[in-house]
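As structure tokens, the structure follows; a few thoughts come after it.
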Amino acid sequence: MPARESLSGPGAPGNARMLHLTGIRKSYRIGPVETEVLRGVDFQAGAGDFVSIMGPSGSGKTTLMNIIGLLDRPTSGTYFLNGQDVSRMRDDRLSHMRNRHIGFVFQSFQLLPQLTALENICLPLVYRGARRPEMKRRAQAILERVGMNHRAGHRPDQLSGGQKQRIAIARALAGDPAVLLADEPTGALDTDTAADIMELLVETNRSHGVTILIITHDPAVARGCIRQVRIRDGRISESHSRNPPCGAVEGEGPVVETGAQARAAVQGAGGPNRGKWPE
Amino acid sequence: MARIASIVRANAREAVESLRKARLRTLLGLVGVMIGISSVIAMISLGEIAKAQARKEFEALGTDIMVLRKSHDQGSPGHPAGVLEWSHVERLSAEVDSIRLAAPRILGHGSFRYQGRKVGNESIQGVTETFARINQLSAASGRFISDLDVGRFFCVVGSGIAARMREAGAGTAVGELLEVNEHVFTVVGVLDFHQESYALPFQLMANESVFVPMSTAERVLASPEIDVVVTRFDTDAGHDAATDEVQAYLHGKDPGLDVDAVSARQLIAQMESQMRIFTLLLAAVGSISLVVGGIGIMNIMLVSVVERRREIGLRRAIGARRRDIQGQFLVESAILTTAGGLLGVLLGLLATYAICRFIGWEFSISMFSVMSGIATATFMGLLFGFQPARQAAKLNPIEALAGD
């Protein structure tokens, strides 16, 4: 598990090896019309990177996220995940890669209503063939990490939005993935709760070195991330990094080094941006 | 292997959960399968019980029973059909080694009056003393026809006729005078109620019959031909040997005479093959209801797949392979139909029990039908769950996650 210090080492964002996408194109054909959603995206992220992806709707950010998450295949281009070429893998193999290397966090939580919090967290381990006691032990430990151990036996409908998202994050982390993909993770939450969730994500990134990619509409959330990427018309239009160890601070807002600062960033922005939170 | 076991285990638990959640739908599915399985179970069980019942009757009758009757397909131009007469069979048991006992019967029709009141209108049977023994007829009062009654106008009446005579004031009926056609007979015995056996190739109708001495029947009946000879044969000699011997013997008496011999053993075999066809037919009817139940299951599973698109999408995202999803839905439909099958088996046995009580058969549980019922139900789940499960597995995870 790469520690925070390794950020400046070989696995650091500068020489990104975790995610390496080159010339990614994706087009969909609907009837006779072919629409190109991604028009040659080059993107890299290293171990422990913490990236926000912003862009207007229809810009292709969700498609990019689906491709990074191995739920979709690019029409052309190459994609290396953790050193493995995944662009031509068979479906079963992709399932395996998702299970081992990627954790998903969704705006709508996507918890299974019939399962308890603990059982939801166990799910990725089920597909790994873990034994029940081992699964429970691991899920319990992660539940504690997200501060939800008192809710282990609750079902999703007995939890608040923030609690659900914590469980969802715990589930994403249960398989000990290298990359965590979060699609509008705070989109369905109020400002305070959103700030809590951001704090949790930052802590997760800092203490466990998990690479995190967040799709967001919210500049405040983006400010909570170390690196910001903008996507427009199927291309990455802008990418700047505020890598704290390098001290390269630019733009507005404080440097985010801790979860508390991320929280402050989100909360501070909460007032003026409140109207932007999707209901 | 560990992975598959873990997934199956988790799937089974979750399947039960998700089935519990969709209560009404699960219930409807269960009812469909239950009805199908229970009808198959009831039908197979009844078939088996009927078979056992018939077998029991044969055994009560004795497996050494063999019935001789004139062949239907005899008599051709130039060869007049032979007639089976008393003189032909009189010494059958004495002269044919493999025949231990022989009881011929002359069958005629008659109407019976007691003191001017009609007490019956069925058959007059001319018999010998052995007839009662072979056919297990017992006297409630008085005695049966004796070989010493030659030519006498004595008769033994069945329980139905005796009952009507009693109604007309005859007391026990023994010693009373009974008018049979134009003749007056003295009643010397009354028979116990006799349960007609389905196992014999002829009808006995003992309860509604008047039994008279063979020699008397020859005198009073218009066409006194022997219709059957009930025999007990030596089973050590074998059915075929006994048949050959009897046929040769009768041929010697009258070259135009051909008889068919039907033994209990043959009848058992014949009846069992009939039962098999019957059971098969019933099972076919049952399978139709199973197909209907199965289509119900398929429908339920298809709805379930649509309703749980998000779940499918999520499972795919966190690492479920297509075949894991397919397995999950197959396990679910198999659990559903197996549960329905178990309930169906119970219901089917209950129905069988009720029918047996009603008919008066002895109820027994056929392990074969129980096992095949449950196995069929599980198989149904896999068969009818296959298409929905495939559909679930083929979903595109992105579209599934979007949920619509």
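Each chain in the structure tokens gets a letter, A, B and so on, in the order shown; residues start at 1 in every chain, and ligands are counted from 1 in the order they appear.
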
Could you give me, as JSON lines, a per-residue list for chain A showing, wherever an atom lies at most 9 Å from an atom of chain B, the closest pair of atoms and their distance in Å to one decimal, using only C-alpha atoms and sorting by chain then residue number from low to high?
```
{"residue": "A:Asn66", "atom": "CA", "partner": "B:Ile398", "partner_atom": "CA", "distance": 7.6}
{"residue": "A:Gly69", "atom": "CA", "partner": "B:Ala317", "partner_atom": "CA", "distance": 8.1}
{"residue": "A:Leu70", "atom": "CA", "partner": "B:Ala317", "partner_atom": "CA", "distance": 8.4}
{"residue": "A:Leu71", "atom": "CA", "partner": "B:Ile398", "partner_atom": "CA", "distance": 6.5}
{"residue": "A:Asp72", "atom": "CA", "partner": "B:Ile398", "partner_atom": "CA", "distance": 7.7}
{"residue": "A:Asp91", "atom": "CA", "partner": "B:Arg321", "partner_atom": "CA", "distance": 7.5}
{"residue": "A:Asp92", "atom": "CA", "partner": "B:Arg321", "partner_atom": "CA", "distance": 5.5}
{"residue": "A:Arg93", "atom": "CA", "partner": "B:Arg321", "partner_atom": "CA", "distance": 8.4}
{"residue": "A:Leu94", "atom": "CA", "partner": "B:Gly319", "partner_atom": "CA", "distance": 8.0}
{"residue": "A:Ser95", "atom": "CA", "partner": "B:Gly319", "partner_atom": "CA", "distance": 4.5}
{"residue": "A:His96", "atom": "CA", "partner": "B:Gly319", "partner_atom": "CA", "distance": 5.7}
{"residue": "A:Met97", "atom": "CA", "partner": "B:Gly319", "partner_atom": "CA", "distance": 7.4}
{"residue": "A:Arg98", "atom": "CA", "partner": "B:Gly319", "partner_atom": "CA", "distance": 5.3}
{"residue": "A:Asn99", "atom": "CA", "partner": "B:Gly319", "partner_atom": "CA", "distance": 4.0}
{"residue": "A:Arg100", "atom": "CA", "partner": "B:Gly319", "partner_atom": "CA", "distance": 7.8}
{"residue": "A:Ile102", "atom": "CA", "partner": "B:Ile318", "partner_atom": "CA", "distance": 7.7}
{"residue": "A:Gly103", "atom": "CA", "partner": "B:Ile318", "partner_atom": "CA", "distance": 7.0}
{"residue": "A:Phe104", "atom": "CA", "partner": "B:Ile318", "partner_atom": "CA", "distance": 7.3}
{"residue": "A:Gln110", "atom": "CA", "partner": "B:Leu314", "partner_atom": "CA", "distance": 6.8}
{"residue": "A:Leu111", "atom": "CA", "partner": "B:Glu311", "partner_atom": "CA", "distance": 8.1}
{"residue": "A:Leu112", "atom": "CA", "partner": "B:Glu311", "partner_atom": "CA", "distance": 6.4}
{"residue": "A:Gln114", "atom": "CA", "partner": "B:Ser18", "partner_atom": "CA", "distance": 6.4}
{"residue": "A:Leu115", "atom": "CA", "partner": "B:Glu14", "partner_atom": "CA", "distance": 7.7}
{"residue": "A:Leu123", "atom": "CA", "partner": "B:Ile318", "partner_atom": "CA", "distance": 7.7}
{"residue": "A:Pro124", "atom": "CA", "partner": "B:Ile318", "partner_atom": "CA", "distance": 5.5}
{"residue": "A:Val126", "atom": "CA", "partner": "B:Ile7", "partner_atom": "CA", "distance": 5.8}
{"residue": "A:Tyr127", "atom": "CA", "partner": "B:Ala320", "partner_atom": "CA", "distance": 6.0}
{"residue": "A:Arg128", "atom": "CA", "partner": "B:Arg3", "partner_atom": "CA", "distance": 6.0}
{"residue": "A:Gly129", "atom": "CA", "partner": "B:Arg3", "partner_atom": "CA", "distance": 3.4}
{"residue": "A:Ala130", "atom": "CA", "partner": "B:Ser6", "partner_atom": "CA", "distance": 6.7}
{"residue": "A:Arg131", "atom": "CA", "partner": "B:Ser6", "partner_atom": "CA", "distance": 6.8}
{"residue": "A:Arg132", "atom": "CA", "partner": "B:Ser6", "partner_atom": "CA", "distance": 7.9}
{"residue": "A:Ala172", "atom": "CA", "partner": "B:Ile318", "partner_atom": "CA", "distance": 8.0}
{"residue": "A:Gly175", "atom": "CA", "partner": "B:Ile318", "partner_atom": "CA", "distance": 9.0}
```

Problem set entry | stretch 107-205 of chain B: residues DSSP assigns to helix (DSSP H, G or I), reported as number ranges by chain | B: 129-134, 147-149, 159-167

Give me a file of those residues, with N, CA, C and O atoms, as a compact mmCIF listing (two decimals), in the first residue's frame.
```
# COMPACT_ATOMS: atom_id res chain seq x y z
N GLU B 129 -70.22 -77.45 -6.21
CA GLU B 129 -69.81 -77.15 -4.82
C GLU B 129 -68.50 -76.36 -4.77
O GLU B 129 -68.33 -75.46 -3.96
N THR B 130 -67.58 -76.72 -5.67
CA THR B 130 -66.27 -76.06 -5.64
C THR B 130 -66.31 -74.59 -6.01
O THR B 130 -65.39 -73.84 -5.72
N PHE B 131 -67.38 -74.17 -6.67
CA PHE B 131 -67.45 -72.78 -7.14
C PHE B 131 -67.31 -71.78 -5.99
O PHE B 131 -66.63 -70.76 -6.10
N ALA B 132 -67.96 -72.10 -4.86
CA ALA B 132 -67.90 -71.21 -3.71
C ALA B 132 -66.48 -71.12 -3.19
O ALA B 132 -65.98 -70.05 -2.86
N ARG B 133 -65.81 -72.28 -3.14
CA ARG B 133 -64.46 -72.32 -2.60
C ARG B 133 -63.51 -71.50 -3.47
O ARG B 133 -62.74 -70.68 -2.99
N ILE B 134 -63.57 -71.76 -4.76
CA ILE B 134 -62.64 -71.08 -5.67
C ILE B 134 -62.86 -69.58 -5.68
O ILE B 134 -61.92 -68.80 -5.68
N ASP B 147 -72.74 -80.91 -4.10
CA ASP B 147 -72.74 -81.84 -5.22
C ASP B 147 -73.84 -82.92 -5.08
O ASP B 147 -74.14 -83.64 -6.01
N LEU B 148 -74.40 -82.94 -3.88
CA LEU B 148 -75.48 -83.90 -3.66
C LEU B 148 -76.85 -83.36 -4.07
O LEU B 148 -77.85 -84.04 -4.00
N ASP B 149 -76.86 -82.07 -4.49
CA ASP B 149 -78.12 -81.42 -4.84
C ASP B 149 -78.53 -81.69 -6.28
O ASP B 149 -79.43 -81.01 -6.80
N SER B 159 -76.56 -61.60 -1.31
CA SER B 159 -76.98 -60.77 -0.18
C SER B 159 -78.01 -59.71 -0.58
O SER B 159 -78.90 -59.37 0.21
N GLY B 160 -77.92 -59.22 -1.80
CA GLY B 160 -78.87 -58.18 -2.24
C GLY B 160 -80.28 -58.74 -2.33
O GLY B 160 -81.25 -58.12 -1.88
N ILE B 161 -80.37 -59.93 -2.92
CA ILE B 161 -81.68 -60.56 -3.07
C ILE B 161 -82.24 -60.93 -1.70
O ILE B 161 -83.41 -60.68 -1.39
N ALA B 162 -81.34 -61.47 -0.84
CA ALA B 162 -81.77 -61.85 0.51
C ALA B 162 -82.31 -60.64 1.26
O ALA B 162 -83.34 -60.74 1.95
N ALA B 163 -81.65 -59.51 1.09
CA ALA B 163 -82.09 -58.30 1.79
C ALA B 163 -83.50 -57.93 1.36
O ALA B 163 -84.36 -57.58 2.18
N ARG B 164 -83.75 -58.03 0.05
CA ARG B 164 -85.09 -57.68 -0.45
C ARG B 164 -86.15 -58.70 0.00
O ARG B 164 -87.29 -58.35 0.25
N MET B 165 -85.71 -59.96 0.11
CA MET B 165 -86.64 -60.98 0.62
C MET B 165 -86.99 -60.67 2.07
O MET B 165 -88.14 -60.81 2.50
N ARG B 166 -85.99 -60.26 2.83
CA ARG B 166 -86.25 -59.92 4.24
C ARG B 166 -87.24 -58.76 4.34
O ARG B 166 -88.13 -58.76 5.17
N GLU B 167 -87.05 -57.81 3.47
CA GLU B 167 -87.97 -56.66 3.46
C GLU B 167 -89.41 -57.14 3.22
O GLU B 167 -90.37 -56.57 3.73
```

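All residues of protein, DNA or RNA that reach within 6 Å of stretch 34-42 of chain B, judged by only C-alpha atoms and not counting those fewer than 4 positions away in the chain, are B:Leu30, B:Leu46, B:Ala283, B:Gly286, B:Ser289, B:Leu290, B:Gly340, B:Gly341, B:Leu343, B:Gly344, B:Val345, B:Leu347, B:Gly348, B:Thr352, B:Ser369.
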
Limited to N, CA and C atoms, could you put the picked residues into a file as a short mmCIF file (atom, residue, chain, number, x, y, z; two decimals), in the first residue's frame?
```cif
data_model
loop_
_atom_site.label_atom_id
_atom_site.label_comp_id
_atom_site.auth_asym_id
_atom_site.auth_seq_id
_atom_site.Cartn_x
_atom_site.Cartn_y
_atom_site.Cartn_z
N LEU B 30 -45.37 -19.46 -6.74
CA LEU B 30 -45.43 -20.69 -5.94
C LEU B 30 -46.72 -21.44 -6.22
N LEU B 46 -51.98 -41.86 -7.23
CA LEU B 46 -53.22 -42.61 -7.40
C LEU B 46 -53.01 -43.79 -8.33
N ALA B 283 -49.73 -38.46 -16.12
CA ALA B 283 -48.54 -37.64 -16.00
C ALA B 283 -48.50 -36.60 -17.12
N GLY B 286 -50.72 -33.92 -16.20
CA GLY B 286 -50.04 -33.14 -15.16
C GLY B 286 -48.96 -32.25 -15.75
N SER B 289 -50.09 -28.90 -16.87
CA SER B 289 -50.21 -27.88 -15.83
C SER B 289 -48.83 -27.42 -15.37
N LEU B 290 -47.85 -28.32 -15.48
CA LEU B 290 -46.49 -27.91 -15.13
C LEU B 290 -45.96 -26.86 -16.10
N GLY B 340 -42.07 -24.33 -4.41
CA GLY B 340 -43.41 -24.62 -4.93
C GLY B 340 -43.61 -26.12 -5.07
N GLY B 341 -42.54 -26.80 -5.47
CA GLY B 341 -42.60 -28.26 -5.62
C GLY B 341 -42.86 -28.95 -4.30
N LEU B 343 -44.31 -27.70 -1.63
CA LEU B 343 -45.70 -27.45 -1.26
C LEU B 343 -46.64 -28.29 -2.12
N GLY B 344 -46.29 -28.38 -3.42
CA GLY B 344 -47.11 -29.16 -4.34
C GLY B 344 -47.15 -30.63 -3.96
N VAL B 345 -46.01 -31.15 -3.51
CA VAL B 345 -45.96 -32.55 -3.08
C VAL B 345 -46.91 -32.75 -1.90
N LEU B 347 -49.50 -30.91 -1.04
CA LEU B 347 -50.88 -30.76 -1.50
C LEU B 347 -51.33 -32.00 -2.27
N GLY B 348 -50.43 -32.49 -3.13
CA GLY B 348 -50.75 -33.65 -3.95
C GLY B 348 -51.03 -34.88 -3.09
N THR B 352 -54.41 -36.94 -2.70
CA THR B 352 -54.42 -38.39 -2.88
C THR B 352 -55.07 -39.08 -1.68
N SER B 369 -42.91 -40.88 -6.55
CA SER B 369 -43.62 -39.68 -6.99
C SER B 369 -43.14 -38.46 -6.23
#
```

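If only C-alpha atoms are the atoms counted, then among B:Ala351, B:Ala52, B:Val83, B:Leu302 the closest residue to B:Leu257 is B:Val83.
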
For this session: Within stretch 72-304 of chain B, find each residue whose DSSP state, derived from the backbone, is strand (DSSP E or B), and express the selection as JSON, numbers by chain.
Result: {"B": [76, 79, 99, 100, 101, 102, 103, 104, 105, 106, 107, 108, 109, 112, 113, 114, 117, 118, 119, 120, 123, 124, 125, 126, 127, 139, 140, 141, 142, 154, 155, 156, 157, 177, 178, 179, 180, 183, 184, 185, 186, 187, 188, 189, 190, 191, 209, 210, 211, 212, 213, 226, 227, 228, 229, 230, 231, 232, 233, 259, 260, 261, 262, 263]}

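Closest approach to A:Asp49 from the set A:Ala168, A:Asp233, A:Ser241, A:Leu64 is made by A:Ser241, with distances taken over only C-alpha atoms.
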
Problem set entry | Shell of 12 Å around B:Leu61, only C-alpha atoms, local chain residues under 6 positions omitted, as a PyMOL selection string | chain B and resi 54-55+133-137+195-200+230-232+263-265+268

Show which residues sit within 8 Å of B:Gly151, as a short mmCIF file (atom, residue, chain, number, x, y, z; two decimals) with all heavy atoms, in the first residue's frame. Count only C-alpha atoms, and ignore same-chain residues fewer than 6 positions away.
```cif
data_model
loop_
_atom_site.label_atom_id
_atom_site.label_comp_id
_atom_site.auth_asym_id
_atom_site.auth_seq_id
_atom_site.Cartn_x
_atom_site.Cartn_y
_atom_site.Cartn_z
N PRO B 213 -77.89 -75.69 -8.58
CA PRO B 213 -77.02 -76.79 -9.01
C PRO B 213 -76.86 -76.77 -10.53
O PRO B 213 -77.81 -76.45 -11.25
CB PRO B 213 -77.75 -78.04 -8.55
CG PRO B 213 -78.62 -77.58 -7.44
CD PRO B 213 -79.01 -76.17 -7.78
N MET B 214 -75.70 -77.12 -10.98
CA MET B 214 -75.36 -77.19 -12.40
C MET B 214 -76.43 -77.98 -13.19
O MET B 214 -76.93 -77.52 -14.22
CB MET B 214 -73.99 -77.88 -12.51
CG MET B 214 -73.47 -78.13 -13.88
SD MET B 214 -73.05 -76.61 -14.74
CE MET B 214 -71.62 -76.05 -13.87
N SER B 215 -76.78 -79.15 -12.66
CA SER B 215 -77.72 -80.03 -13.36
C SER B 215 -79.10 -79.40 -13.47
O SER B 215 -79.78 -79.53 -14.50
CB SER B 215 -77.80 -81.37 -12.62
OG SER B 215 -77.93 -81.13 -11.22
N THR B 216 -79.50 -78.64 -12.43
CA THR B 216 -80.79 -77.97 -12.47
C THR B 216 -80.77 -76.86 -13.51
O THR B 216 -81.71 -76.69 -14.28
CB THR B 216 -81.13 -77.39 -11.08
OG1 THR B 216 -80.89 -78.40 -10.10
CG2 THR B 216 -82.57 -76.94 -11.02
#
```

For this session: Could you please determine the separation between atom CA of A:Gln165 and atom CA of A:Ile197 in Å, to one decimal place?
Result: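 The value is 7.5 Å.
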
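If only C-alpha atoms are the atoms counted, then among B:Gln387, B:Ser273, B:Ser223, B:Gln203 the closest residue to B:Glu85 is B:Ser223.
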
For this session: Would you list the contacts of B:Met298 as a VMD selection string, taking every protein, DNA or RNA residue within 7 Å and counting only C-alpha atoms, but skipping same-chain residues closer than 4 positions in sequence?
Result: chain B and resid 294 302 384 to 385 388

Write the residues of the selection above to a file with C-alpha atoms, as an mmCIF file, in the first residue's frame.
```
data_model
loop_
_atom_site.group_PDB
_atom_site.id
_atom_site.type_symbol
_atom_site.label_atom_id
_atom_site.label_comp_id
_atom_site.auth_asym_id
_atom_site.auth_seq_id
_atom_site.Cartn_x
_atom_site.Cartn_y
_atom_site.Cartn_z
ATOM 1 C CA GLY B 294 -43.381 -22.895 -15.701
ATOM 2 C CA LEU B 302 -38.554 -11.716 -16.481
ATOM 3 C CA PHE B 384 -37.936 -21.769 -17.318
ATOM 4 C CA GLY B 385 -35.444 -19.586 -15.460
ATOM 5 C CA PRO B 388 -34.705 -14.672 -17.970
#
```

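The two atoms in question, atom CA of A:Leu38 and atom CA of B:Leu395, are spaced 23.1 Å apart.
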
For this session: Work out how far atom CA of A:Phe50 is from atom CA of A:Val146, in Å to one decimal.
Result: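 Calculated distance between atom CA of A:Val146 and atom CA of A:Phe50 is 18.4 Å.
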
Problem set entry | Contacts of A:Thr193 within 12 Å, only C-alpha atoms, excl. fewer than 2 positions in-chain, as a ChimeraX atom specification | /A:160-166,185-191,195-200,263,266-267,270

Residues of the last selection are to be written out with N, CA, C and O atoms, as a short mmCIF file (atom, residue, chain, number, x, y, z; two decimals), in the first residue's frame.
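Listing of part-v5.cif after writing:
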```
data_model
loop_
_atom_site.label_atom_id
_atom_site.label_comp_id
_atom_site.auth_asym_id
_atom_site.auth_seq_id
_atom_site.Cartn_x
_atom_site.Cartn_y
_atom_site.Cartn_z
N SER A 160 -29.65 7.47 6.40
CA SER A 160 -29.75 8.78 5.73
C SER A 160 -28.87 8.77 4.49
O SER A 160 -28.07 7.85 4.29
N GLY A 161 -29.00 9.79 3.65
CA GLY A 161 -28.22 9.88 2.42
C GLY A 161 -26.73 9.80 2.67
O GLY A 161 -26.02 9.04 2.01
N GLY A 162 -26.26 10.57 3.65
CA GLY A 162 -24.83 10.58 3.96
C GLY A 162 -24.36 9.22 4.44
O GLY A 162 -23.29 8.73 4.06
N GLN A 163 -25.21 8.60 5.25
CA GLN A 163 -24.85 7.26 5.77
C GLN A 163 -24.79 6.25 4.64
O GLN A 163 -23.89 5.42 4.57
N LYS A 164 -25.76 6.37 3.71
CA LYS A 164 -25.76 5.46 2.56
C LYS A 164 -24.47 5.61 1.77
O LYS A 164 -23.86 4.63 1.35
N GLN A 165 -24.05 6.90 1.56
CA GLN A 165 -22.86 7.09 0.75
C GLN A 165 -21.63 6.57 1.47
O GLN A 165 -20.71 6.05 0.85
N ARG A 166 -21.63 6.66 2.79
CA ARG A 166 -20.50 6.09 3.54
C ARG A 166 -20.45 4.57 3.33
O ARG A 166 -19.37 4.00 3.13
N PRO A 185 -20.34 11.97 -6.34
CA PRO A 185 -20.59 11.28 -5.06
C PRO A 185 -21.37 12.13 -4.07
O PRO A 185 -22.01 11.60 -3.17
N THR A 186 -21.32 13.45 -4.23
CA THR A 186 -22.01 14.32 -3.29
C THR A 186 -23.26 14.92 -3.92
O THR A 186 -23.92 15.76 -3.33
N GLY A 187 -23.55 14.48 -5.14
CA GLY A 187 -24.61 15.09 -5.92
C GLY A 187 -25.98 15.03 -5.28
O GLY A 187 -26.83 15.88 -5.52
N ALA A 188 -26.23 13.99 -4.47
CA ALA A 188 -27.56 13.84 -3.90
C ALA A 188 -27.58 14.22 -2.42
O ALA A 188 -28.51 13.86 -1.71
N LEU A 189 -26.53 14.96 -1.99
CA LEU A 189 -26.42 15.24 -0.55
C LEU A 189 -26.47 16.75 -0.28
O LEU A 189 -26.12 17.55 -1.14
N ASP A 190 -26.87 17.10 0.92
CA ASP A 190 -26.86 18.52 1.27
C ASP A 190 -25.42 18.95 1.57
O ASP A 190 -24.51 18.12 1.69
N THR A 191 -25.20 20.23 1.70
CA THR A 191 -23.84 20.79 1.77
C THR A 191 -23.01 20.19 2.90
O THR A 191 -21.87 19.76 2.68
N ALA A 195 -19.81 17.78 2.49
CA ALA A 195 -18.50 18.10 3.05
C ALA A 195 -17.95 16.90 3.82
O ALA A 195 -16.76 16.57 3.71
N ASP A 196 -18.83 16.23 4.58
CA ASP A 196 -18.39 15.03 5.32
C ASP A 196 -17.86 13.97 4.38
O ASP A 196 -16.83 13.35 4.62
N ILE A 197 -18.60 13.78 3.28
CA ILE A 197 -18.21 12.73 2.33
C ILE A 197 -16.87 13.08 1.68
O ILE A 197 -16.00 12.22 1.53
N MET A 198 -16.71 14.35 1.31
CA MET A 198 -15.43 14.78 0.72
C MET A 198 -14.29 14.54 1.71
O MET A 198 -13.21 14.07 1.35
N GLU A 199 -14.56 14.85 2.97
CA GLU A 199 -13.55 14.65 3.99
C GLU A 199 -13.15 13.16 4.05
O GLU A 199 -11.96 12.82 4.11
N LEU A 200 -14.15 12.33 3.98
CA LEU A 200 -13.89 10.88 4.02
C LEU A 200 -13.05 10.44 2.82
O LEU A 200 -12.10 9.67 2.95
N ARG A 263 -13.04 19.65 3.62
CA ARG A 263 -14.34 19.93 4.19
C ARG A 263 -14.60 21.43 4.17
O ARG A 263 -15.66 21.89 3.74
N VAL A 266 -15.35 22.72 0.70
CA VAL A 266 -16.70 22.43 0.24
C VAL A 266 -17.72 23.27 0.98
O VAL A 266 -18.62 23.85 0.39
N GLN A 267 -17.52 23.38 2.30
CA GLN A 267 -18.51 24.13 3.08
C GLN A 267 -18.47 25.60 2.75
O GLN A 267 -19.49 26.25 2.63
N GLY A 270 -20.22 26.24 -0.16
CA GLY A 270 -21.61 25.79 -0.07
C GLY A 270 -22.60 26.92 -0.24
O GLY A 270 -23.62 26.74 -0.91
#
```

Exercise. Which residue gives the smallest distance to A:Phe80 among A:Thr63, A:Ser27, A:Ser52, A:Gln44, with only C-alpha atoms counted?
Worked result: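 Closest residue, counting only C-alpha atoms: A:Gln44.
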